[in-house]
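**Q** Before anything else, here's the structure in question.
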Amino acid sequence: MNYKKTLNLPATKFPMKANLAKREPEQLKMWNENRLHDRIREHSKGRDLFILHDGPPYANGHIHIGTALNKILKDIIVRSRQMAGFDAVYVPGWDCHGLPIEHNVDKELGDKKQGMSQTEIRRLCRAYAEKYIDIQREEFKRLGVMGEWETPYLTLDHEYEAIIAKELCKFAMEGSLFRSKKPIYWCCDCNTALAEAEIEYYDQASPSIFVRFLLKDDLSGDVPPLTGKKVFVVIWTTTPWTIPANLAIAFHPDFEYVAADVGNNEVLIMARELVEGCMKTFGISEFSIIADIRAKTLERKRCIHPLYDRESLIVLGNHVTLDAGTGCVHTAPGHGREDYEVGLEYGLDAYSPVDDNGLFTDEVGFFNGQFVFKANKEINAKLQENAALIAEEKITHPYPHCWRCKKPVIFRATPQWFISMDKTGLRKRSLEEIDRVQWIPHWGRERIYGMIENRPDWCVSRQRAWGVPITVFYCDKCETLLMNQEITDTIFEQLKKHGADVWLEKDAKEFLPDGAVCEKCGNSTFTKETDILDVWFDSGVSHAAVLEQRENLKWPADLYLEGSDQHRGWFHSSLLASVGTRGKAPYKGVLTHGFVVDEGGKKMSKSLGNVVAPKEVIDKYGAEILRLWVSATDYRDDIRISQNILKQLTDAYRRIRNTCRFILGNLSDFDPLKHAVHYESLPEMDRFALCKLAELIEKGREAYDKYEFHVIYHALYNYCTVDLSAFYLDTLKDRLYTSAPDWPQRRSGQTVMHTILDAIVRLMAPILPFTAEEVWKFMPERDGKEESIHLTSLPVADTAWKNRELAERWEQLLEVRGEVTKSMEEARAMKLVGHSLDAGVIISASSDKYEALKSYTDDLRAISIVSKLSFAHKNNEDKTVAVGNTAEVNETPVKVPENGDESLSVLVVPAPGNKCERCWICDPSVGTISDHPTICRRCRDALEYMGGL
RNA sequence: GGGCCUGUAGCUCAGUUCUGGUCAGAGCGCACGCCUGAUAAGCGUGAGGCCGAUGGUUCAAGUCCAUCCAGGCCCA
C-alpha cells in the first residue's frame, strides 16, 4: 500500500516563484479594471480623514531611486492609515513651472527660439511638463502607489495658477510684498537675467588691483600710535569696474588687523597674516607695524571713496577670508551676493549704476556710457591719478559665463519683489507655528527653526518665461503698489478661466477697475509686472490650491513627508505661504527621510558609477522588493542600497512568501466556518502560537502608528522565520499530515494557521500590496471575505490570546528543545542519527525541573521532533545519570553532554522500535498490526477513521 | 567655513535621550551538518563585533562630555 497517498500533504496552486516583474503589472491591470481605488473610497466614506499631502515632484525626467523611496513611503503610510480605519485620500501632484523645464525647452529650440513669442515658448514648456507627468505617473503606478492618478494636482492647471496669483495678491494687500533691488547674474549680451544653473565657469584673465581708501574718521583715540598719520584701508579686487559702486569695506570680526607704517607719514591697514605678502606685491620693502587693531574698533568708521566725494563704510562680515587680498574686502552691495547681504545688515543701498547692456549710467560721471569690462582700464587710470592704486597685476581665475553665449556675465542689482519676513511679523508667527507642528524626527524642528530665524526676506521674482506672473501693478510715477480685493478677484477669475497666459496677453486696463488711481500720488497710469514667481511659491500654496479646494481633503494636512532637504524647500515655503495668509501652518506633522546612498554610505553619482535606477530593480526583482527595501531601513538616516542589500531582501521576500505558501497548502481543505476550533479547545501549543501572534500584531500596529516600518519588517520576518518556520509550522507538520483530515488536533492547527495567515497578510498589505493580494485570493473563502485585502483592515489581536503565564511556560519548553537540538547535533556528528525522528531522547533533570517538565513530555517530544522522549532524575552531586527505564533504549548511551544548564542534560539514543512507513516515527507498535506491518498504531487509527481500512 | 544629522558583527536592525552597571543582542548571509512529505524548499549547529577614533567624567561608559575621523542634507 502506498501510505504516502493517505497523508494530508500541502496542496496549493499559489506559486512558489513570485515572478514579480511579470505578475505585478497584471495585478495592477486587474485592480484598475475592478476600480479598486474607487471601491476603497466608497467603502471608507464617512470615516475620519487622514490626509498625507503630496509634495509635488518636478515634472522633468524619469523618477530616480530617491523619488521612488519617497513615493513608496507615502504609499505605505496611506495604505496603513487606510487599513487602520481612516479614509486616507491621496492626491498626487506635480510641480510644473520653473527654470529646468524652460531651460530644456530652450536647448531643444536652439536658434529657433529667436522670434518666438513668450506665449509660444510657454506652450512648449507646458507640453514638456505634461509629457513627463505622464511618464512619471506610469512609473509611480508601477511601484504600486495608490492614489487619485486620474485627477492629480498640477501647478500648471488654470485653477491652480489662479490660486497662486490670488495667494500672492493676499501678500500684496497685507503689505508684506515689496519691491527692492538685489544683485543677480546678468548677461549683458543676451540682455537677460540668469539663474545659478545657467552659469558656467571658465578661466579668465582679470585685472587684480589693490586700492587704498583714506580713513575719514580719526582713530587715534582708540589707537594712539596712529595720531597724526594718514591712515588707509587697503582693498583688493579683480573687478575694478565695481569700484564706482563701492559703498563699504568689510572686515572679519575675528581676524587680527594691523597698521603698517610705510613712511611718508602714511599707514596702511590690513590683516596681519597678509601684510608680508601684500607689501611684496606693492614693492614696499620698508615698513613697520605700529599697532594692532581689532576689527570691532573699525566697525562703522568711514573711509573716503577714491573716486567720488562719498563715504565708504567699514562693516564686519564672516564671509571675509585670508585666502587672497588684504583681509579688507571691497564691498559693492549692488554687485555681489555677499556684498549685498552684508549691505542689508548695515542698511546700505544695492547701488548698481549699470544698465541692461552693461553700460555705466550717467551717475558714475567719468565712465558714463562705457561697457563695464572695457572701463576697467580707465578706472585704474583714474585711481592711479588719485594716488589710490597701490598695485596692479593680472590674474587668471574661474569666472562665471553665460551658458548660451559663453560671454562673461556680471552681477548686477535689479528691482526684485520680496515678501518681508518682518514687516507683518511673518518670521515671528512662523516660528511660533513651528512649535505647534510635530516634527519627525524631532530634530527637524531645530533645522527649520534655525532657517526661518535667520533667513533674509523671500525674493519671489524671477525674470523668466515659464511660471506664474507676479500679478501686480505699480504706479508709473512713484512705483507704489496698486492692489485691492476687486483687482484680486478680477485677476483670479481671468486666470482661472484662461490660465496665466492671459496676464501676458491682455492689457493692464483689462484687470483694473475704471478710474483706478495711485493712492499715493494720484497718477492713473500703471505698470503691469512681467516677472514671474519663484516656483517655491507655486508649490508653497498647494495647501490652498489642493487641500482647501477639494472636498474630499481637509486643511491643514495631517502629514507632509519629504526628504530632509525640504526643510529649506517645500516645508519652508509652505509654512511661509500659509502663515502669511492664514496665520497657521498647513500641516500638523512633518516627516522627513534621508537620502539614498550606496553601500559604503557615499552619495550616488554618475561619476562614481554607484547609481541604482528604480527601473532596473523593478525589472530584475519587482516593485515588491523595492518596497520591502523601503520598509526594511530606518529611513530617518541615510538609506543604503546595493545589489548585496537587494539580494538579502529577495531572500527575505522568499521566506515570507514561502511561509504563506506553506500555510495555504495546509488550508486547502479547511473551511473556517465549518472547521474552526474554538480557542478554549485548542492545545496549549496552539494557544502559545496565538500568543506570539498577538505580540506580533501589537508590535506591528504600534509601529505603523509611529511610522516605524523597519520595526514591522524585522518583526514580521523574524516571526516567519523563528516562530513559524523553525518552530510552530515545523512541529505542526506531523499533526497536519498524519492525522485524519477531521481530527481535532489537525483542525486546531489549521484554525491557528488560518488566523496567523489572515493576520500577517493584513499586516504586510501596506508594504507588500501585490503579494498580500495574491495570498488573499488563495485564502479559504468564507462569508464576508472582502474581495481585496486592500478593502480590509489591520489585524486585531484577541485579548484572550495574550497569556503571559502560558507563554513563559512554553519559552521554557523551547529552551529545553534548544538543549535537545544541541545534543542531537553531537549525535549526528557521530553518525548516530540523521533525521531527528531516528532519535530518542532521555532528559535528565534536577528535581525541580523534573517536576516542571514531566507533564509536558508529549509536547516536548513533538516540538523536538524526535520519536521518543523520556525523563530521568539527575543526581547533581556526582553528575551521573540514572536512566529510568533502560529497556526503552536498547542501545548503549553515547555520552552525557556537558550542557550549559547544569540542572539539565540530554542523552540522545537511537529511537526504540521500528520506523513507521507512514508517519516516520519509530514506535514499538510498528510490526504488531497484522494487515499493516509497516505502520504504527496511530496511523492505523487514522486510516481506519478515514475509511481506508 | 556654518547649521542640522549619522557612525553597534559582511548586511538590515535592537540596545544609546531624560533614566551609565547581568548589554554586547536578533535575523539574514557565511561555514559545517541533516533532511528529501514547504523541494529553485525545510531543519539544526557554529564562527563573526576592542559598539568610528582618541581623550575625559565616574567605583563603573556602546550609553554622559570634549576633540578628531568618516559620511549625508542644507547653506556659505
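Here's how to read the names in the C-alpha cells: chain A, B, ... by the order shown, residue numbers from 1 in each chain, ligand numbers from 1 in the order shown.
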Tell me the residues of chain A close to chain B, meaning within 6 Å using only C-alpha atoms (C1' of nucleotides), as a list in words.

**A** Arg447, Asp565, Phe662 and Gly834 of chain A

**Q** Export, as a compact mmCIF listing (two decimals), in the first residue's frame, the selected residues with N, CA and C atoms.

**A**
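Resulting contents of result_36.txt:
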```
# COMPACT_ATOMS: atom_id res chain seq x y z
N ARG A 447 16.08 72.25 12.79
CA ARG A 447 16.59 72.58 11.48
C ARG A 447 15.80 73.71 10.83
N ASP A 565 15.95 67.58 2.75
CA ASP A 565 16.32 68.83 2.06
C ASP A 565 15.14 69.79 2.01
N PHE A 662 3.18 27.80 2.36
CA PHE A 662 3.08 26.58 3.15
C PHE A 662 1.75 26.54 3.90
N GLY A 834 20.45 10.60 11.85
CA GLY A 834 20.35 11.51 10.72
C GLY A 834 19.14 12.38 10.96
```

**Q** If you run DSSP on the backbone, which residues of region 393-551 of chain A are alpha helix (DSSP H), as number ranges by chain?

**A** A: 426-434, 444-454, 485-498, 501-505, 535-540, 542

**Q** Residues near U8 (chain B), anyone? I mean within 8 Å using only C-alpha atoms (C1' of nucleotides), not counting same-chain ones fewer than 3 positions away, as number ranges by chain.

**A** B: 49, 51, 62

**Q** Can you pull out the residues contacting region 346-349 of chain A? Cut-off 9 Å, using only C-alpha atoms (C1' of nucleotides), and skip same-chain residues under 4 positions away; I want them as a list of chain:residue names.

**A**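 Everything that qualifies: A:Lys181, A:Leu247, A:Ala248, A:Arg300, A:Leu313, A:Val315, A:Pro333, A:Gly334, A:Tyr340, A:Val342.
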
**Q** Take the residues that were just selected and, keeping N, CA, C and O atoms, output them as a PDB file, in the first residue's frame.

**A**
```
ATOM      1  N   LYS A 181      15.901  96.452  -4.699  1.00  0.00           N
ATOM      2  CA  LYS A 181      16.945  95.983  -5.593  1.00  0.00           C
ATOM      3  C   LYS A 181      17.780  94.876  -4.978  1.00  0.00           C
ATOM      4  O   LYS A 181      18.052  94.877  -3.783  1.00  0.00           O
ATOM      5  N   LEU A 247      30.518 100.859  -1.657  1.00  0.00           N
ATOM      6  CA  LEU A 247      29.855 101.579  -0.576  1.00  0.00           C
ATOM      7  C   LEU A 247      30.422 101.205   0.782  1.00  0.00           C
ATOM      8  O   LEU A 247      30.090 101.828   1.788  1.00  0.00           O
ATOM      9  N   ALA A 248      31.255 100.151   0.791  1.00  0.00           N
ATOM     10  CA  ALA A 248      31.731  99.694   2.091  1.00  0.00           C
ATOM     11  C   ALA A 248      32.999  98.880   1.954  1.00  0.00           C
ATOM     12  O   ALA A 248      33.404  98.491   0.850  1.00  0.00           O
ATOM     13  N   ARG A 300      31.882 100.579  11.479  1.00  0.00           N
ATOM     14  CA  ARG A 300      31.114 101.807  11.241  1.00  0.00           C
ATOM     15  C   ARG A 300      31.975 103.070  11.127  1.00  0.00           C
ATOM     16  O   ARG A 300      31.461 104.185  11.063  1.00  0.00           O
ATOM     17  N   LEU A 313      31.685 102.813   4.084  1.00  0.00           N
ATOM     18  CA  LEU A 313      31.533 102.406   5.481  1.00  0.00           C
ATOM     19  C   LEU A 313      32.318 101.119   5.784  1.00  0.00           C
ATOM     20  O   LEU A 313      32.344 100.203   4.981  1.00  0.00           O
ATOM     21  N   VAL A 315      32.478  97.756   7.585  1.00  0.00           N
ATOM     22  CA  VAL A 315      31.487  96.828   8.125  1.00  0.00           C
ATOM     23  C   VAL A 315      32.184  95.516   8.524  1.00  0.00           C
ATOM     24  O   VAL A 315      33.336  95.278   8.149  1.00  0.00           O
ATOM     25  N   PRO A 333      27.424  96.528  -2.684  1.00  0.00           N
ATOM     26  CA  PRO A 333      26.202  95.741  -2.450  1.00  0.00           C
ATOM     27  C   PRO A 333      25.365  95.511  -3.698  1.00  0.00           C
ATOM     28  O   PRO A 333      24.580  94.558  -3.741  1.00  0.00           O
ATOM     29  N   GLY A 334      25.554  96.324  -4.724  1.00  0.00           N
ATOM     30  CA  GLY A 334      24.789  96.121  -5.942  1.00  0.00           C
ATOM     31  C   GLY A 334      25.450  95.153  -6.899  1.00  0.00           C
ATOM     32  O   GLY A 334      24.912  94.858  -7.968  1.00  0.00           O
ATOM     33  N   TYR A 340      25.925  92.257  -0.922  1.00  0.00           N
ATOM     34  CA  TYR A 340      24.514  92.613  -0.751  1.00  0.00           C
ATOM     35  C   TYR A 340      24.025  92.228   0.636  1.00  0.00           C
ATOM     36  O   TYR A 340      23.383  93.005   1.330  1.00  0.00           O
ATOM     37  N   VAL A 342      25.724  91.660   3.401  1.00  0.00           N
ATOM     38  CA  VAL A 342      26.296  92.469   4.482  1.00  0.00           C
ATOM     39  C   VAL A 342      25.757  93.906   4.393  1.00  0.00           C
ATOM     40  O   VAL A 342      25.525  94.565   5.401  1.00  0.00           O
TER      41      VAL A 342
END
```

**Q** Suppose you want the space between CA of Ile40 (chain A) and CA of Lys141 (chain A); what is it in Å?

**A**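 Atom-to-atom, CA of Ile40 (chain A) and CA of Lys141 (chain A) are spaced 16.6 Å apart.
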
**Q** Near G21 (chain B), counting only C-alpha atoms (C1' of nucleotides), which residues have an atom at most 12 Å away, once you skip same-chain residues fewer than 2 positions from it, shown as a PyMOL selection string?

**A** chain B and resi 23+58-61+63

**Q** Emit the selected residues as a compact mmCIF listing (two decimals), in the first residue's frame, including N, CA and C atoms (P, O5', C5', C4', C3', O3' and C1' of nucleotides).

**A**
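Saved to part-v5.txt:
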```txt
# COMPACT_ATOMS: atom_id res chain seq x y z
P C B 23 21.83 42.25 30.29
O5' C B 23 22.54 42.27 28.90
C5' C B 23 23.83 41.73 28.65
C4' C B 23 24.73 42.75 27.96
C3' C B 23 25.49 43.64 28.96
O3' C B 23 26.84 43.27 29.10
C1' C B 23 24.30 44.95 27.31
P U B 58 35.94 62.12 38.37
O5' U B 58 34.98 60.87 38.48
C5' U B 58 33.64 61.03 38.91
C4' U B 58 32.88 59.75 38.70
C3' U B 58 33.55 58.51 39.28
O3' U B 58 33.32 58.39 40.67
C1' U B 58 32.76 58.06 37.09
P C B 59 34.54 57.90 41.58
O5' C B 59 34.69 56.36 41.22
C5' C B 59 35.86 55.64 41.62
C4' C B 59 35.64 54.16 41.36
C3' C B 59 35.15 53.82 39.96
O3' C B 59 36.23 53.70 39.07
C1' C B 59 33.79 52.74 41.55
P A B 60 36.09 54.24 37.57
O5' A B 60 34.91 53.36 37.01
C5' A B 60 35.14 51.98 36.69
C4' A B 60 33.88 51.37 36.16
C3' A B 60 33.30 52.03 34.93
O3' A B 60 33.91 51.49 33.77
C1' A B 60 31.58 51.67 36.53
P A B 61 34.12 52.39 32.47
O5' A B 61 32.62 52.50 31.94
C5' A B 61 31.94 51.41 31.27
C4' A B 61 31.28 51.95 30.02
C3' A B 61 32.31 52.51 29.04
O3' A B 61 32.65 51.60 28.00
C1' A B 61 30.58 54.13 29.54
P U B 63 29.83 55.49 25.04
O5' U B 63 28.27 55.47 25.34
C5' U B 63 27.32 56.19 24.52
C4' U B 63 25.98 55.99 25.18
C3' U B 63 25.74 56.87 26.40
O3' U B 63 24.64 57.72 26.14
C1' U B 63 25.23 54.58 26.84
```

**Q** Write out as a PyMOL selection string the residues lying within 12 Å of A53 (chain B), counting only C-alpha atoms (C1' of nucleotides) and excluding same-chain residues fewer than 5 positions away.

**A** chain B and resi 7+67-70

**Q** Out of A:Pro513, A:Pro780, A:Gly444, A:Pro556, which residue has the shortest atom-to-atom distance to Asp671 (chain A) when counting only C-alpha atoms?

**A** A:Pro780

**Q** Neighbours of Cys188 (chain A) within 12 Å (only C-alpha atoms (C1' of nucleotides); same-chain residues fewer than 6 positions away dropped), as a PyMOL selection string?

**A** chain A and resi 194+354-360+371-373+401-402+404-412
